[in-house]
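Okay, final.cif is below, mmCIF, C-alpha atoms:
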```
data_model
loop_
_atom_site.label_atom_id
_atom_site.label_comp_id
_atom_site.auth_asym_id
_atom_site.auth_seq_id
_atom_site.Cartn_x
_atom_site.Cartn_y
_atom_site.Cartn_z
CA MET A 14 -15.31 -36.14 -13.60
CA THR A 15 -12.44 -34.47 -15.42
CA THR A 16 -10.46 -32.24 -13.06
CA THR A 17 -7.58 -29.99 -14.04
CA ILE A 18 -5.83 -27.81 -11.46
CA ARG A 19 -2.81 -25.80 -12.51
CA LEU A 20 -0.72 -23.17 -10.78
CA GLN A 21 1.57 -21.46 -13.21
CA ARG A 22 3.59 -18.34 -13.86
CA GLU A 23 2.75 -18.18 -17.58
CA ALA A 24 -0.26 -16.53 -19.19
CA PHE A 25 -2.85 -18.88 -20.71
CA ASP A 26 -5.76 -18.91 -23.14
CA VAL A 27 -9.03 -19.21 -21.21
CA GLY A 28 -11.10 -19.95 -24.32
CA ALA A 29 -8.82 -22.82 -25.27
CA GLU A 30 -9.09 -24.26 -21.75
CA ALA A 31 -12.90 -24.10 -21.88
CA ALA A 32 -12.94 -25.74 -25.32
CA LEU A 33 -10.60 -28.47 -24.11
CA LEU A 34 -12.90 -29.34 -21.21
CA ALA A 35 -15.85 -29.98 -23.53
CA ARG A 36 -13.98 -31.48 -26.47
CA GLY A 37 -15.25 -34.84 -27.71
CA ARG A 38 -18.13 -35.05 -25.24
CA ALA A 39 -21.85 -35.03 -25.93
CA ASP A 40 -23.10 -35.13 -22.33
CA ILE A 41 -22.12 -31.55 -21.46
CA GLY A 42 -24.93 -29.05 -21.90
CA ALA A 43 -23.37 -26.07 -20.12
CA VAL A 44 -19.89 -24.66 -19.68
CA VAL A 45 -19.42 -21.66 -17.40
CA THR A 46 -16.14 -19.77 -17.54
CA PHE A 47 -15.05 -17.23 -14.97
CA THR A 48 -11.98 -15.17 -15.82
CA GLY A 49 -10.29 -12.93 -13.24
CA LEU A 50 -8.22 -10.10 -14.72
CA CYS A 51 -5.68 -7.71 -13.29
CA ARG A 52 -7.15 -4.18 -13.12
CA ALA A 53 -5.01 -1.07 -13.56
CA ASP A 54 -6.13 0.37 -10.21
CA GLU A 55 -6.42 -0.63 -6.57
CA ASN A 56 -8.73 1.45 -4.35
CA GLY A 57 -8.71 4.22 -6.95
CA GLU A 58 -4.92 4.41 -7.23
CA PRO A 59 -3.19 3.35 -10.43
CA ILE A 60 -0.96 0.28 -10.27
CA ALA A 61 1.86 -0.77 -12.60
CA ALA A 62 1.39 -4.49 -11.90
CA LEU A 63 0.61 -6.97 -9.18
CA THR A 64 2.67 -9.83 -7.85
CA LEU A 65 1.03 -12.97 -6.50
CA GLU A 66 2.82 -14.94 -3.85
CA HIS A 67 1.55 -18.43 -3.03
CA TYR A 68 2.14 -21.50 -0.88
CA PRO A 69 2.52 -23.99 -3.73
CA ASP A 70 1.67 -27.38 -2.21
CA MET A 71 -1.10 -26.08 -0.02
CA ALA A 72 -2.65 -24.00 -2.80
CA GLU A 73 -2.99 -27.05 -4.98
CA ALA A 74 -4.34 -29.18 -2.11
CA GLU A 75 -6.79 -26.49 -1.01
CA ILE A 76 -8.16 -25.99 -4.52
CA ALA A 77 -8.50 -29.76 -4.93
CA ARG A 78 -10.47 -29.96 -1.65
CA HIS A 79 -12.90 -27.31 -2.88
CA VAL A 80 -13.29 -28.95 -6.27
CA GLU A 81 -14.22 -32.15 -4.40
CA GLU A 82 -16.70 -30.17 -2.31
CA ALA A 83 -18.22 -28.67 -5.47
CA ARG A 84 -18.51 -32.11 -7.00
CA ALA A 85 -20.35 -33.36 -3.92
CA ARG A 86 -22.83 -30.47 -4.15
CA TRP A 87 -23.55 -30.35 -7.88
CA PRO A 88 -23.63 -32.87 -10.74
CA LEU A 89 -20.46 -31.70 -12.50
CA ILE A 90 -18.83 -33.32 -15.49
CA GLY A 91 -15.64 -31.30 -15.56
CA VAL A 92 -13.79 -28.58 -13.64
CA THR A 93 -10.68 -26.64 -14.61
CA VAL A 94 -9.01 -24.19 -12.22
CA ILE A 95 -5.90 -22.31 -13.32
CA HIS A 96 -4.32 -19.71 -11.05
CA ARG A 97 -1.22 -17.72 -11.92
CA TYR A 98 1.49 -16.50 -9.59
CA GLY A 99 4.37 -14.08 -10.04
CA ARG A 100 4.17 -10.66 -11.67
CA ILE A 101 1.00 -9.89 -13.64
CA ALA A 102 0.34 -6.71 -15.63
CA PRO A 103 -3.03 -4.90 -15.94
CA GLY A 104 -5.25 -6.58 -18.51
CA GLU A 105 -3.67 -9.99 -18.03
CA VAL A 106 -5.51 -13.05 -16.73
CA ILE A 107 -4.95 -13.97 -13.07
CA VAL A 108 -7.33 -16.88 -12.63
CA ALA A 109 -9.83 -18.95 -14.56
CA VAL A 110 -12.49 -21.35 -13.33
CA VAL A 111 -14.31 -23.48 -15.89
CA THR A 112 -17.18 -25.74 -14.86
CA ALA A 113 -19.10 -28.13 -17.07
CA SER A 114 -22.37 -29.90 -16.37
CA SER A 115 -25.43 -31.23 -18.16
CA HIS A 116 -27.38 -28.10 -17.23
CA ARG A 117 -26.50 -24.50 -16.51
CA GLU A 118 -27.61 -24.21 -12.86
CA ALA A 119 -24.93 -26.55 -11.58
CA ALA A 120 -22.22 -25.02 -13.76
CA PHE A 121 -23.07 -21.44 -12.67
CA ALA A 122 -23.34 -22.32 -8.98
CA ALA A 123 -20.15 -24.39 -8.89
CA ALA A 124 -18.11 -21.69 -10.65
CA SER A 125 -19.37 -19.06 -8.19
CA PHE A 126 -18.71 -21.35 -5.20
CA LEU A 127 -15.18 -22.13 -6.37
CA MET A 128 -14.32 -18.46 -6.92
CA ASP A 129 -15.66 -17.44 -3.50
CA TYR A 130 -13.49 -20.08 -1.85
CA LEU A 131 -10.45 -19.35 -3.99
CA LYS A 132 -10.56 -15.75 -2.79
CA THR A 133 -10.78 -16.54 0.91
CA ARG A 134 -9.21 -19.98 1.43
CA ALA A 135 -6.57 -20.62 -1.25
CA PRO A 136 -3.15 -19.44 -0.01
CA PHE A 137 -2.37 -16.62 -2.46
CA TRP A 138 -1.44 -13.05 -1.58
CA LYS A 139 -1.50 -10.03 -3.89
CA GLN A 140 0.99 -7.21 -3.72
CA VAL A 141 0.41 -4.17 -5.94
CA GLU A 142 2.98 -1.75 -7.33
CA LYS A 143 1.77 1.80 -6.74
CA VAL A 144 3.64 5.06 -7.29
CA SER A 145 4.11 5.22 -3.52
CA GLY A 146 5.63 1.73 -3.40
CA LYS A 147 4.69 -1.93 -3.11
CA ILE A 148 1.66 -2.62 -0.95
CA TRP A 149 0.07 -5.90 0.18
CA VAL A 150 -3.62 -5.94 -0.70
CA ASP A 151 -5.96 -6.17 2.31
CA ALA A 152 -8.50 -8.97 2.47
CA LYS A 153 -12.06 -7.74 1.87
CA ALA A 154 -14.93 -8.41 4.24
CA ALA A 155 -17.20 -8.71 1.20
CA ASP A 156 -15.18 -11.73 0.01
CA ASP A 157 -15.58 -13.43 3.40
CA ALA A 158 -19.31 -12.75 3.29
CA ALA A 159 -19.50 -14.18 -0.24
CA ALA A 160 -17.79 -17.41 0.87
CA GLU A 161 -19.89 -17.58 4.04
CA ARG A 162 -23.17 -17.83 2.12
CA TRP A 163 -22.23 -21.31 0.92
CA SER A 164 -21.98 -22.61 4.47
CA GLU A 165 -25.75 -22.46 4.81
CA PRO A 166 -27.72 -25.43 3.55
CA PRO A 167 -29.18 -24.89 0.07
CA PRO A 168 -32.79 -23.64 0.08
CA ARG A 169 -35.42 -26.38 -0.04
CA ARG A 170 -37.43 -26.65 -3.16
CA GLU A 171 -41.06 -25.91 -2.54
CA ALA A 172 -43.36 -28.76 -3.34
CA ALA A 173 -45.71 -28.08 -6.25
CA LYS A 174 -49.18 -27.19 -5.11
CA MET B 21 9.39 -28.81 12.88
CA LYS B 22 9.54 -26.55 9.87
CA LEU B 23 7.93 -23.11 9.91
CA LEU B 24 6.97 -21.25 6.74
CA TYR B 25 6.08 -17.57 6.48
CA PHE B 26 4.29 -15.86 3.59
CA ALA B 27 3.59 -12.33 2.31
CA TRP B 28 4.00 -9.58 4.93
CA VAL B 29 4.48 -12.11 7.71
CA ARG B 30 7.56 -13.34 5.80
CA GLU B 31 8.80 -9.81 5.23
CA ARG B 32 8.43 -8.81 8.88
CA VAL B 33 10.01 -11.99 10.27
CA GLY B 34 12.77 -11.66 7.67
CA LEU B 35 12.72 -15.35 6.76
CA ALA B 36 10.75 -17.54 4.35
CA GLU B 37 11.27 -20.67 6.45
CA GLU B 38 13.17 -22.07 9.41
CA GLU B 39 13.50 -25.18 11.56
CA ILE B 40 12.46 -24.76 15.18
CA ASP B 41 12.22 -26.88 18.30
CA PRO B 42 9.73 -25.15 20.59
CA PRO B 43 10.02 -25.81 24.33
CA ALA B 44 7.65 -28.11 26.20
CA GLY B 45 4.57 -26.17 27.16
CA VAL B 46 4.08 -24.77 23.66
CA ALA B 47 1.18 -27.03 22.75
CA THR B 48 -1.08 -25.06 20.40
CA VAL B 49 -0.78 -22.79 17.38
CA GLY B 50 -1.68 -19.82 19.56
CA GLU B 51 1.01 -20.71 22.10
CA LEU B 52 3.53 -21.10 19.29
CA VAL B 53 2.67 -17.59 18.07
CA ALA B 54 3.15 -16.23 21.60
CA TRP B 55 6.51 -18.01 21.85
CA LEU B 56 7.64 -16.74 18.43
CA THR B 57 6.69 -13.18 19.37
CA GLN B 58 9.40 -13.19 22.03
CA ARG B 59 12.14 -14.20 19.61
CA GLY B 60 12.90 -10.73 18.29
CA GLU B 61 11.63 -7.48 16.87
CA GLY B 62 10.72 -8.89 13.48
CA TYR B 63 8.62 -11.65 15.04
CA ALA B 64 6.96 -9.20 17.42
CA TYR B 65 6.06 -6.97 14.47
CA ALA B 66 4.79 -9.88 12.33
CA PHE B 67 2.58 -11.23 15.12
CA GLU B 68 1.60 -7.92 16.77
CA ASN B 69 -2.06 -8.58 15.94
CA PRO B 70 -2.47 -12.37 16.34
CA LYS B 71 -6.15 -12.20 15.36
CA VAL B 72 -5.33 -11.46 11.72
CA ILE B 73 -2.69 -14.19 11.42
CA ARG B 74 -3.82 -17.36 9.66
CA ALA B 75 -2.10 -20.71 10.14
CA ALA B 76 -1.88 -24.05 8.41
CA ILE B 77 -0.52 -27.35 9.71
CA ASP B 78 0.71 -29.73 7.04
CA ARG B 79 -1.14 -27.72 4.39
CA ASN B 80 -4.54 -27.59 6.12
CA HIS B 81 -6.06 -24.46 7.63
CA VAL B 82 -6.12 -24.62 11.43
CA ARG B 83 -7.31 -22.43 14.28
CA ALA B 84 -5.27 -20.97 17.13
CA ASP B 85 -6.41 -23.67 19.55
CA THR B 86 -5.22 -26.55 17.31
CA ARG B 87 -2.51 -28.71 18.91
CA ILE B 88 0.85 -28.73 17.14
CA ASP B 89 2.19 -32.11 18.26
CA GLY B 90 2.96 -34.31 15.27
CA ALA B 91 3.12 -31.34 12.88
CA HIS B 92 5.84 -31.42 10.23
CA GLU B 93 5.18 -28.05 8.63
CA ILE B 94 3.41 -25.05 10.14
CA ALA B 95 2.77 -21.99 7.99
CA PHE B 96 1.80 -18.48 9.10
CA PHE B 97 0.34 -15.91 6.73
CA PRO B 98 -2.06 -12.96 6.41
CA PRO B 99 -5.68 -13.37 5.26
CA MET B 100 -5.66 -14.62 1.69
CA THR B 101 -6.18 -12.31 -1.27
CA GLY B 102 -5.98 -14.55 -4.33
CA GLY B 103 -8.51 -15.12 -7.08
#
```
File written out as C-alpha coordinates:
Amino acid sequence: MTTTIRLQREAFDVGAEAALLARGRADIGAVVTFTGLCRADENGEPIAALTLEHYPDMAEAEIARHVEEARARWPLIGVTVIHRYGRIAPGEVIVAVVTASSHREAAFAAASFLMDYLKTRAPFWKQVEKVSGKIWVDAKAADDAAAERWSEPPPRREAAK
Amino acid sequence: MKLLYFAWVRERVGLAEEEIDPPAGVATVGELVAWLTQRGEGYAYAFENPKVIRAAIDRNHVRADTRIDGAHEIAFFPPMTGG
(Lines of atoms letter the chains of each structure in order from A and count residues from 1; the text may use other names and numbers.)
(Lines give C-alpha, C1' and ligand atoms only; values in the text may rest on other atoms or scores of the structure.)
Protein backbone atom coordinates (compact mmCIF):
# COMPACT_ATOMS: atom_id res chain seq x y z
CA MET A 1 0.00 0.00 0.00
CA THR A 2 1.16 3.53 -0.74
CA THR A 3 1.10 5.66 2.40
CA THR A 4 1.86 9.36 2.58
CA ILE A 5 1.64 11.25 5.88
CA ARG A 6 2.66 14.89 5.97
CA LEU A 7 2.45 17.56 8.62
CA GLN A 8 3.17 20.96 7.17
CA ARG A 9 2.69 24.67 7.64
CA GLU A 10 2.11 25.39 3.94
CA ALA A 11 -1.18 25.23 2.05
CA PHE A 12 -1.54 22.38 -0.46
CA ASP A 13 -3.62 21.31 -3.45
CA VAL A 14 -5.98 18.51 -2.41
CA GLY A 15 -6.93 17.63 -5.99
CA ALA A 16 -3.29 17.22 -6.96
CA GLU A 17 -2.70 14.94 -3.95
CA ALA A 18 -5.68 12.77 -4.92
CA ALA A 19 -4.50 12.58 -8.53
CA LEU A 20 -0.99 11.65 -7.39
CA LEU A 21 -2.30 8.74 -5.33
CA ALA A 22 -4.01 7.15 -8.34
CA ARG A 23 -1.49 8.09 -11.02
CA GLY A 24 -0.20 5.23 -13.17
CA ARG A 25 -2.35 2.57 -11.51
CA ALA A 26 -5.15 0.51 -13.01
CA ASP A 27 -6.18 -1.41 -9.88
CA ILE A 28 -7.82 1.54 -8.11
CA GLY A 29 -11.56 1.78 -8.66
CA ALA A 30 -12.40 4.37 -6.01
CA VAL A 31 -10.70 7.40 -4.52
CA VAL A 32 -12.40 9.20 -1.63
CA THR A 33 -11.14 12.64 -0.64
CA PHE A 34 -12.09 14.38 2.57
CA THR A 35 -11.07 18.03 2.88
CA GLY A 36 -11.37 19.92 6.17
CA LEU A 37 -11.59 23.70 5.79
CA CYS A 38 -11.28 26.58 8.22
CA ARG A 39 -14.70 28.20 8.75
CA ALA A 40 -15.10 31.92 9.45
CA ASP A 41 -17.03 31.28 12.68
CA GLU A 42 -16.75 29.27 15.88
CA ASN A 43 -19.95 28.71 17.89
CA GLY A 44 -21.63 31.52 15.98
CA GLU A 45 -18.88 34.07 16.61
CA PRO A 46 -16.74 35.32 13.74
CA ILE A 47 -13.06 34.40 13.78
CA ALA A 48 -10.13 36.06 11.99
CA ALA A 49 -8.09 32.85 11.80
CA LEU A 50 -7.18 29.74 13.72
CA THR A 51 -3.81 28.51 14.87
CA LEU A 52 -3.06 24.81 15.15
CA GLU A 53 -0.53 23.67 17.69
CA HIS A 54 0.75 20.10 17.47
CA TYR A 55 3.11 17.56 19.04
CA PRO A 56 5.14 16.83 15.91
CA ASP A 57 6.64 13.38 16.48
CA MET A 58 3.61 11.97 18.20
CA ALA A 59 1.20 13.39 15.61
CA GLU A 60 3.02 11.60 12.84
CA ALA A 61 3.27 8.35 14.84
CA GLU A 62 -0.38 8.48 15.88
CA ILE A 63 -1.60 9.06 12.33
CA ALA A 64 0.62 6.22 11.10
CA ARG A 65 -0.88 3.88 13.74
CA HIS A 66 -4.40 4.70 12.54
CA VAL A 67 -3.47 4.28 8.89
CA GLU A 68 -2.17 0.82 9.81
CA GLU A 69 -5.42 0.11 11.64
CA ALA A 70 -7.42 1.23 8.59
CA ARG A 71 -5.33 -1.00 6.37
CA ALA A 72 -6.03 -3.98 8.64
CA ARG A 73 -9.79 -3.31 8.43
CA TRP A 74 -10.26 -2.54 4.74
CA PRO A 75 -8.55 -3.57 1.49
CA LEU A 76 -6.84 -0.25 0.77
CA ILE A 77 -4.43 0.47 -2.03
CA GLY A 78 -3.33 3.92 -0.97
CA VAL A 79 -3.78 6.47 1.83
CA THR A 80 -2.65 10.08 2.00
CA VAL A 81 -3.09 12.18 5.15
CA ILE A 82 -1.92 15.79 5.19
CA HIS A 83 -2.52 17.97 8.24
CA ARG A 84 -1.44 21.59 8.51
CA TYR A 85 -0.27 23.44 11.60
CA GLY A 86 0.34 27.11 12.31
CA ARG A 87 -1.98 29.98 11.40
CA ILE A 88 -4.79 29.18 8.96
CA ALA A 89 -7.28 31.70 7.55
CA PRO A 90 -11.00 31.05 6.86
CA GLY A 91 -11.47 29.23 3.57
CA GLU A 92 -8.08 27.57 3.70
CA VAL A 93 -7.52 23.81 3.90
CA ILE A 94 -6.65 22.38 7.33
CA VAL A 95 -6.58 18.67 6.62
CA ALA A 96 -7.03 16.20 3.79
CA VAL A 97 -7.53 12.45 3.89
CA VAL A 98 -7.42 10.55 0.60
CA THR A 99 -8.15 6.83 0.47
CA ALA A 100 -7.95 4.57 -2.55
CA SER A 101 -9.30 1.06 -2.98
CA SER A 102 -10.67 -1.24 -5.65
CA HIS A 103 -14.22 -0.43 -4.58
CA ARG A 104 -15.94 2.52 -2.97
CA GLU A 105 -17.12 0.95 0.31
CA ALA A 106 -13.62 0.50 1.67
CA ALA A 107 -12.48 3.93 0.51
CA PHE A 108 -15.50 5.70 2.09
CA ALA A 109 -15.29 3.78 5.36
CA ALA A 110 -11.53 4.20 5.76
CA ALA A 111 -11.68 7.95 5.09
CA SER A 112 -14.45 8.35 7.67
CA PHE A 113 -12.58 6.20 10.21
CA LEU A 114 -9.35 8.14 9.74
CA MET A 115 -11.07 11.51 10.16
CA ASP A 116 -12.90 10.40 13.31
CA TYR A 117 -9.60 9.31 14.85
CA LEU A 118 -7.69 12.36 13.65
CA LYS A 119 -10.17 14.55 15.49
CA THR A 120 -9.98 12.72 18.81
CA ARG A 121 -6.56 11.02 18.96
CA ALA A 122 -4.04 12.98 16.89
CA PRO A 123 -2.28 15.57 19.08
CA PHE A 124 -3.42 18.84 17.49
CA TRP A 125 -5.08 21.75 19.26
CA LYS A 126 -7.01 24.62 17.66
CA GLN A 127 -6.97 28.15 18.95
CA VAL A 128 -9.30 30.68 17.32
CA GLU A 129 -8.87 34.44 17.07
CA LYS A 130 -12.13 36.12 18.07
CA VAL A 131 -12.82 39.81 18.63
CA SER A 132 -12.73 39.08 22.36
CA GLY A 133 -9.30 37.43 22.12
CA LYS A 134 -7.63 34.09 21.44
CA ILE A 135 -9.58 31.08 22.67
CA TRP A 136 -8.69 27.37 22.72
CA VAL A 137 -11.41 25.34 21.04
CA ASP A 138 -13.16 22.83 23.33
CA ALA A 139 -13.26 19.19 22.33
CA LYS A 140 -16.73 18.08 21.20
CA ALA A 141 -18.56 15.11 22.68
CA ALA A 142 -19.95 14.42 19.20
CA ASP A 143 -16.41 13.81 17.92
CA ASP A 144 -15.74 11.31 20.72
CA ALA A 145 -19.00 9.55 19.89
CA ALA A 146 -18.07 9.45 16.20
CA ALA A 147 -14.72 7.80 17.00
CA GLU A 148 -16.33 5.44 19.50
CA ARG A 149 -18.57 3.82 16.88
CA TRP A 150 -15.53 2.23 15.25
CA SER A 151 -14.65 0.35 18.43
CA GLU A 152 -17.60 -1.95 17.93
CA PRO A 153 -17.11 -4.94 15.68
CA PRO A 154 -18.42 -4.40 12.14
CA PRO A 155 -21.97 -5.71 11.58
CA ARG A 156 -22.16 -9.28 10.31
CA ARG A 157 -23.37 -9.78 6.83
CA GLU A 158 -26.63 -11.65 6.74
CA ALA A 159 -26.48 -14.90 4.89
CA ALA A 160 -28.57 -14.97 1.72
CA LYS A 161 -31.82 -16.79 2.19
CA MET B 1 12.78 12.53 32.32
CA LYS B 2 11.54 15.18 29.94
CA LEU B 3 8.08 16.69 30.31
CA LEU B 4 6.28 18.41 27.45
CA TYR B 5 3.21 20.64 27.74
CA PHE B 6 0.87 21.66 24.93
CA ALA B 7 -1.91 24.19 24.26
CA TRP B 8 -3.51 25.66 27.40
CA VAL B 9 -1.61 23.27 29.65
CA ARG B 10 1.60 24.84 28.28
CA GLU B 11 0.26 28.35 28.73
CA ARG B 12 -0.83 27.75 32.32
CA VAL B 13 2.38 25.98 33.37
CA GLY B 14 4.37 28.70 31.58
CA LEU B 15 6.78 26.24 29.96
CA ALA B 16 6.81 24.16 26.78
CA GLU B 17 9.16 21.56 28.27
CA GLU B 18 11.39 20.82 31.23
CA GLU B 19 13.57 18.10 32.73
CA ILE B 20 12.37 16.68 36.03
CA ASP B 21 13.43 14.05 38.51
CA PRO B 22 10.33 13.09 40.48
CA PRO B 23 10.82 11.66 43.98
CA ALA B 24 10.45 7.97 44.76
CA GLY B 25 6.80 7.20 45.36
CA VAL B 26 5.67 8.98 42.20
CA ALA B 27 5.00 5.83 40.21
CA THR B 28 2.10 6.59 37.86
CA VAL B 29 0.97 9.34 35.51
CA GLY B 30 -1.74 10.30 37.98
CA GLU B 31 0.76 10.53 40.83
CA LEU B 32 3.04 12.64 38.65
CA VAL B 33 0.16 15.04 38.00
CA ALA B 34 -0.52 15.26 41.75
CA TRP B 35 3.18 15.95 42.39
CA LEU B 36 3.34 18.61 39.64
CA THR B 37 0.26 20.34 41.04
CA GLN B 38 2.21 21.19 44.19
CA ARG B 39 5.04 22.87 42.30
CA GLY B 40 3.40 26.26 41.92
CA GLU B 41 0.38 28.28 40.94
CA GLY B 42 0.76 27.72 37.21
CA TYR B 43 0.91 23.94 37.66
CA ALA B 44 -2.04 23.99 40.05
CA TYR B 45 -4.06 25.96 37.48
CA ALA B 46 -3.03 23.70 34.57
CA PHE B 47 -3.94 20.52 36.45
CA GLU B 48 -6.91 21.84 38.47
CA ASN B 49 -9.21 19.36 36.71
CA PRO B 50 -7.07 16.22 36.24
CA LYS B 51 -9.92 14.38 34.50
CA VAL B 52 -9.63 16.52 31.37
CA ILE B 53 -5.84 16.24 31.13
CA ARG B 54 -4.54 13.76 28.56
CA ALA B 55 -1.09 12.23 28.73
CA ALA B 56 1.34 10.44 26.46
CA ILE B 57 4.46 8.48 27.34
CA ASP B 58 7.06 8.30 24.60
CA ARG B 59 4.46 9.42 22.06
CA ASN B 60 1.74 6.91 22.96
CA HIS B 61 -1.53 7.81 24.68
CA VAL B 62 -1.63 6.52 28.26
CA ARG B 63 -4.08 6.53 31.15
CA ALA B 64 -3.61 7.99 34.62
CA ASP B 65 -2.81 4.59 36.12
CA THR B 66 0.07 3.89 33.68
CA ARG B 67 3.46 3.50 35.38
CA ILE B 68 6.09 6.07 34.45
CA ASP B 69 9.26 4.09 35.15
CA GLY B 70 11.40 3.85 32.02
CA ALA B 71 9.69 6.84 30.38
CA HIS B 72 11.91 9.25 28.46
CA GLU B 73 9.28 11.78 27.47
CA ILE B 74 5.92 12.43 29.10
CA ALA B 75 3.53 14.92 27.54
CA PHE B 76 0.46 16.56 29.08
CA PHE B 77 -2.23 18.26 27.00
CA PRO B 78 -5.95 19.04 26.75
CA PRO B 79 -8.38 16.86 24.75
CA MET B 80 -7.39 17.03 21.10
CA THR B 81 -9.17 19.30 18.63
CA GLY B 82 -7.43 18.70 15.31
CA GLY B 83 -8.85 17.56 11.99
Go through stretch 57-77 of chain B residue by residue and, counting all atoms listed in the file, keep those with an atom at most 12 Å from stretch 60-76 of chain A; for each kept residue give the shortest atom pair and its distance in Å to one decimal, ordered by chain and increasing number, as a tab-separated table.
```
residue	atom	partner	partner_atom	distance
B:Ala75	CA	A:Met71	CA	11.5
B:Ala76	CA	A:Met71	CA	8.7
B:Ile77	CA	A:Met71	CA	9.8
```
So, with all atoms listed in the file as the atoms that count, which of B:Leu23, B:Ala47, B:Ile88, B:Val82 lies closest to B:Leu35?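 Of B:Leu23, B:Ala47, B:Ile88, B:Val82, the one nearest B:Leu35, counting all atoms listed in the file, is B:Leu23.
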Could you list, as a list in words, the residues of chain B having an atom within 6 Å of chain A when counting all atoms listed in the file?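 That gives Arg79, Pro99, Met100, Thr101, Gly102 and Gly103 of chain B for chain B.
Picture a line from atom CA of B:Glu51 to atom CA of A:Ser164; it runs 29.0 Å.
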Once the PyMOL selection byres ((chain B and resi 73) around 6) has been evaluated on this model, what residues remain selected, and can you format them as number ranges by chain? B: 70-72, 74, 97-98
The PyMOL selection byres ((chain B and resi 37-43) around 10) resolved against shown file, as a ChimeraX atom specification: /B:21-26,30,33-36,44-47,51-52,55-56,92-95
Here is a test: counting all atoms listed in the file, which residue of A:Ala43, A:Ala83, A:Val94, A:Val27 is nearest to A:Arg117?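 So, comparing all the options, the nearest one is A:Ala43.
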Considering only C-alpha atoms, return as an NGL selection string whatever protein or nucleic-acid residues lie within 8 Å of A:Ala124, sequence-local ones (same chain, fewer than 5 positions apart) excluded. :A and (45-47 or 110-112)
Those residues with C-alpha atoms, as a tab-separated table (two decimals), in the frame of the given file please?
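Output saved as result14.tsv:
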```
chain	number	residue	atom	x	y	z
A	45	VAL	CA	-19.42	-21.66	-17.40
A	46	THR	CA	-16.14	-19.77	-17.54
A	47	PHE	CA	-15.05	-17.23	-14.97
A	110	VAL	CA	-12.49	-21.35	-13.33
A	111	VAL	CA	-14.31	-23.48	-15.89
A	112	THR	CA	-17.18	-25.74	-14.86
```
Within 8 Å of (-1.8, -27.7, 19.3), in the coordinates the file gives, what residues turn up when you count all atoms listed in the file, written out as a list in words?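 Selection result: Val46, Ala47, Thr48, Val49, Gly50, Ala84, Asp85, Thr86, Arg87, Ile88 and Asp89 of chain B.
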Written selection (C-alpha atoms) as an mmCIF file, keeping the file's coordinate frame:
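For reference, selection24.cif as written:
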```
data_model
loop_
_atom_site.group_PDB
_atom_site.id
_atom_site.type_symbol
_atom_site.label_atom_id
_atom_site.label_comp_id
_atom_site.auth_asym_id
_atom_site.auth_seq_id
_atom_site.Cartn_x
_atom_site.Cartn_y
_atom_site.Cartn_z
ATOM 1 C CA VAL B 46 4.080 -24.770 23.660
ATOM 2 C CA ALA B 47 1.180 -27.030 22.750
ATOM 3 C CA THR B 48 -1.080 -25.060 20.400
ATOM 4 C CA VAL B 49 -0.780 -22.790 17.380
ATOM 5 C CA GLY B 50 -1.680 -19.820 19.560
ATOM 6 C CA ALA B 84 -5.270 -20.970 17.130
ATOM 7 C CA ASP B 85 -6.410 -23.670 19.550
ATOM 8 C CA THR B 86 -5.220 -26.550 17.310
ATOM 9 C CA ARG B 87 -2.510 -28.710 18.910
ATOM 10 C CA ILE B 88 0.850 -28.730 17.140
ATOM 11 C CA ASP B 89 2.190 -32.110 18.260
#
```
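Minimum atom-to-atom distances from B:Asn69, B:His81, B:Ala91, B:Ala27 to B:Thr57 were compared using all atoms listed in the file, and the lowest value belongs to B:Asn69.
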For a test of reading the model, state the distance in Å between atom CA of A:Gly99 and atom CA of A:Glu142, rounded to one decimal. 12.7 Å
Here's the selection I'm unsure about, the PyMOL selection byres ((chain A and resi 84) around 12); applied to the file above, which residues does it give, as a ChimeraX atom specification? /A:14-16,77-83,85-92,112-114,119-120,122-124,126-127
Nearest to A:Ser125, chosen from A:Ser145, A:Leu20, A:Val106, A:Arg162, with only C-alpha atoms counted in the distances: A:Arg162
Draw an axis-aligned box over all listed atoms of stretch 36-55 of chain A, pad each side with 5 Å, and write its centre and edge lengths in Å, one decimal, as AutoDock Vina command-line options.
```
--center_x -15.0 --center_y -17.4 --center_z -17.1 --size_x 29.9 --size_y 45.5 --size_z 31.1
```
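Note that atom CA of A:Phe25 and atom CA of A:Gly104 are 12.7 Å apart.
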